[in-house]
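Peer 1: My questions all concern the structure below.
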Amino acid sequence: MLWTRAQLGELFALAESGALTPDQLQHAGADAPLAPARGEWLAAADRLCAFGGALLVMAGLIFFFAYNWAELHRFAKLGTAFAALAGCVGAAMPSAPFGTAWRAALLGACLALGALLALIGQIYQSGADVWELFAAWAALMLPFALLARSAGCWTLWLVVANAALLRALSESAWFRFLGALDGPTGVLLVAGFNFAVLLVFEAFGARLLVSTRRHIQRLACLGVIGPLALGACIAWWETRFVPVLPVYAIAAALAGWVYLAPRRDVPILALSVFSAIAVGTSAVARVLPERTGFLTLNLLALFVIVTSALAAVWLTRLTREERHA
Amino acid sequence: MIPDRTGGLLESLQARGVIDADRRRALAARAPVPWWLAALLAVAAWIASLIILSAFFGPLLMLADNAVVRAAGGAALIAAALYLFRRESPFAAQMALAFSLAGQALIVVAVAGDAAGQESVSRMMALTAMVVAAGLMWPPAPGLHRTLCALIVLASVAWLIGPGSGLALFGVAVTAAAAALWLTRARWAAQPHAPLVKALAHAATLVALGLAPYGHARSALDALNAVAGAGRHASVPVIYATGAAAVLFATVAWLTRAAPAGLRAAALGAALLFVPGAWQTPGLLASGALLLAAFHACHRPWVVLTLSFAALYLAELYYSLHATLLEKSLALAVTGVLLLLARTGLRRWTGSAAWAAR
């Protein structure tokens, strides 16, 4: 039986790590060659020609429009964007529902929709803020994401929706998005929105996604834990962030409880644990008397090293348990 | 049940009699730390390392900032890194990496003294960095550290060569070396020096892909060169394009050496046809050769990265000045159509039945 390309990659990596002797590798190559089979080369060439060809034709079209863009009438510009959107939707229609082509075409439609909205904003100069563009994009993209049931579409939706929220809340001239996290209200709102998304995907994930992979749940959890941990770190130094501390503690504890037993998810547990280490480090730095001294800095480093090492041991054990299960 | 790697590799190895059950169990227990945990540990380790470094070296350099102190500090950090590398823990490995890089930087700065901006001193710094990094490639260390050391060596050599035809030749030579190393992966993978060769292969591939835009016709780098006051010699694009085309052609020839004559001629013909199309953008030729080599070596990350670099070269083409946007648009569209036609031809040639199930 021939080796698959994935197996060969791992086989070489094993050999390079010293786990296999030259004789063993030679033995492995005795029955089947240690190179991709003809079928794999053909499949790769087929994919490269298809994707490469489509990409180059698209790039050629973009270059062509860029060459003529200034002279194009606005209806021609809008027609082009509409044609791209219609083309993607049209490509999805004959495809098998929820198959690769279906999901790819609808992801293309989501992207084309964003380009169309940006173009409308550019041509008509409606005076709308950027957050409104993102919000409209997220709202109009929702039907495509619901139809596609793909992690790609939902990831784009979650990123765009977060961008709309961050931009709407940010009052900073320099940090147009992350400026939203400059106060406890912004932190709590962003975390709350992502928590709502997380709840929806935990409850209805099977209906919203084709794949059983948990990328969206993890991304949403990052949107909950990340801002809260940032706020909790600052809370040790700025009193206005203090309300974030108990919310973070509840969120981290809840994540630890839910994702350890009822719904085992080690990456989310790792996120919670390392965010707790960050908040703990900030607390230690706050309570130690001398903030920049030699001893303080080394105690801080020692705290990070010890807690990270303990976390690594525990999380590695959980990962191995998961592999054994 | 024994946990296995992707695609049941250990099970296959045992079934073929390459390893026995005990060995399989031992290898399964050595499964690597997942990437997300390694990334989180890396962040924590780097933060801890930076705190320790600032605790030790901030006060030390404030008290006595001279070449001897810097060199001694650098040597101490490298010694600490070499000790930490022996501990088989991802956290210790990342701390050691931070210590090693900081130590190397301190030694290079110690050589520079107070005249870091001068041409002769910058060459001395590059030479020092090259020697120290080359020395640090030998002791046992994780692949990432060796790869970074190899990168420092190659970058230092590029700096010592300086802009011009020599750098173009160096870029082509590194591309050829990277392709050759990946093409022969099966031969060196189980050899005792494999970790070192692999680090060189990674570094050479990254340098080859990173340096390739230097050979592009009227590339965006021209503007950088003009700002730096070092105009690019007219021979550079020609050398780069010729060299990259030769590497691509040699790669295809090597890969098809055992193929039927018809298939070999078709593959070499396709490579030849690709050369004039990508002549103004030799990065596409280099990334094409490296893509084939990485695919042959079954190294998925480099397959993805070479394609990503090819996409970046195409994006850079938008800003290059050798042709108008209309000409570039036509060239891209025609190449795209040719690729789609090639796909149709490939399917017909290999038989549609083989593709029906895909």
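For the structure tokens, the naming scheme is as follows: chains receive sequential letters (A, B, ...) according to their order of presentation, residues are indexed from 1 within each chain, and ligands are indexed from 1 in presentation order.
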Using only C-alpha atoms, which residues sit within 10 Å of Ser12 of chain B once same-chain residues fewer than 4 positions away are excluded, as a count of residues only?
Peer 2: 10
Peer 1: When distances are computed from only C-alpha atoms, which of B:Ala253, B:Leu136, B:Val108, B:Leu41 shows the smallest separation from chain A?
Peer 2: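 Comparing B:Ala253, B:Leu136, B:Val108, B:Leu41 against chain A, the winner is B:Leu41.
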Peer 1: May I have the residues within 9 Å of Ala155 of chain B as a list in words, using only C-alpha atoms and disregarding those fewer than 5 positions away in the same chain?
Peer 2: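 With the cut-off at 9 Å, the set is Ala126, Met130, Ala150, Leu160 and Val207 of chain B.
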Peer 1: Just to confirm, what's the straight-line distance from atom CA of Ser120 of chain B to atom CA of Trp159 of chain B in Å (one decimal)?
Peer 2: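 Taking atom CA of Ser120 of chain B and atom CA of Trp159 of chain B, their separation equals 11.8 Å.
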Peer 1: Env of segment 106-118 of chain A: 6 Å cut, atoms = only C-alpha atoms, seq-sep filter 5 positions within chain, self excluded. Answer as a list in words.
Peer 2: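 The residues that qualify are Ala81, Leu85, Cys88, Trp137, Met141 and Cys153 of chain A.
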Peer 1: Selection from above, C-alpha atoms, as a PDB file, in the first residue's frame, can you write it?
Peer 2:
ATOM      1  CA  ALA A  81     -19.487  44.735  -7.997  1.00  0.00           C
ATOM      2  CA  LEU A  85     -21.875  39.174  -6.102  1.00  0.00           C
ATOM      3  CA  CYS A  88     -20.762  34.011  -6.565  1.00  0.00           C
ATOM      4  CA  TRP A 137     -22.084  44.242   6.042  1.00  0.00           C
ATOM      5  CA  MET A 141     -24.022  38.821   5.260  1.00  0.00           C
ATOM      6  CA  CYS A 153     -18.394  32.527   6.547  1.00  0.00           C
TER       7      CYS A 153
END
Peer 1: Can you work out which one of B:Leu339, B:Gly345, B:Ala289, B:Phe295 has the shortest atom-to-atom distance to Ala50 of chain A, counting only C-alpha atoms?
Peer 2: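 Of the candidates, the smallest distance to Ala50 of chain A is held by B:Leu339.
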Peer 1: Per DSSP on the backbone, filter segment 21-205 of chain A down to the residues in alpha helix (DSSP H) and report them as a ChimeraX atom specification.
Peer 2: /A:22-31,38-68,74-92,100-124,130-148,151-169,184-205
Peer 1: At what distance in Å, to one decimal, does atom CA of Ala135 of chain A lie from atom CA of Val160 of chain A?
Peer 2: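 Distance between the two atoms: 7.5 Å.
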Peer 1: When distances are computed from only C-alpha atoms, which of B:Ala173, B:Ala250, B:Ala297, B:Val132 shows the smallest separation from Ala189 of chain B?
Peer 2: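 For Ala189 of chain B, the nearest of the candidates is B:Ala297.
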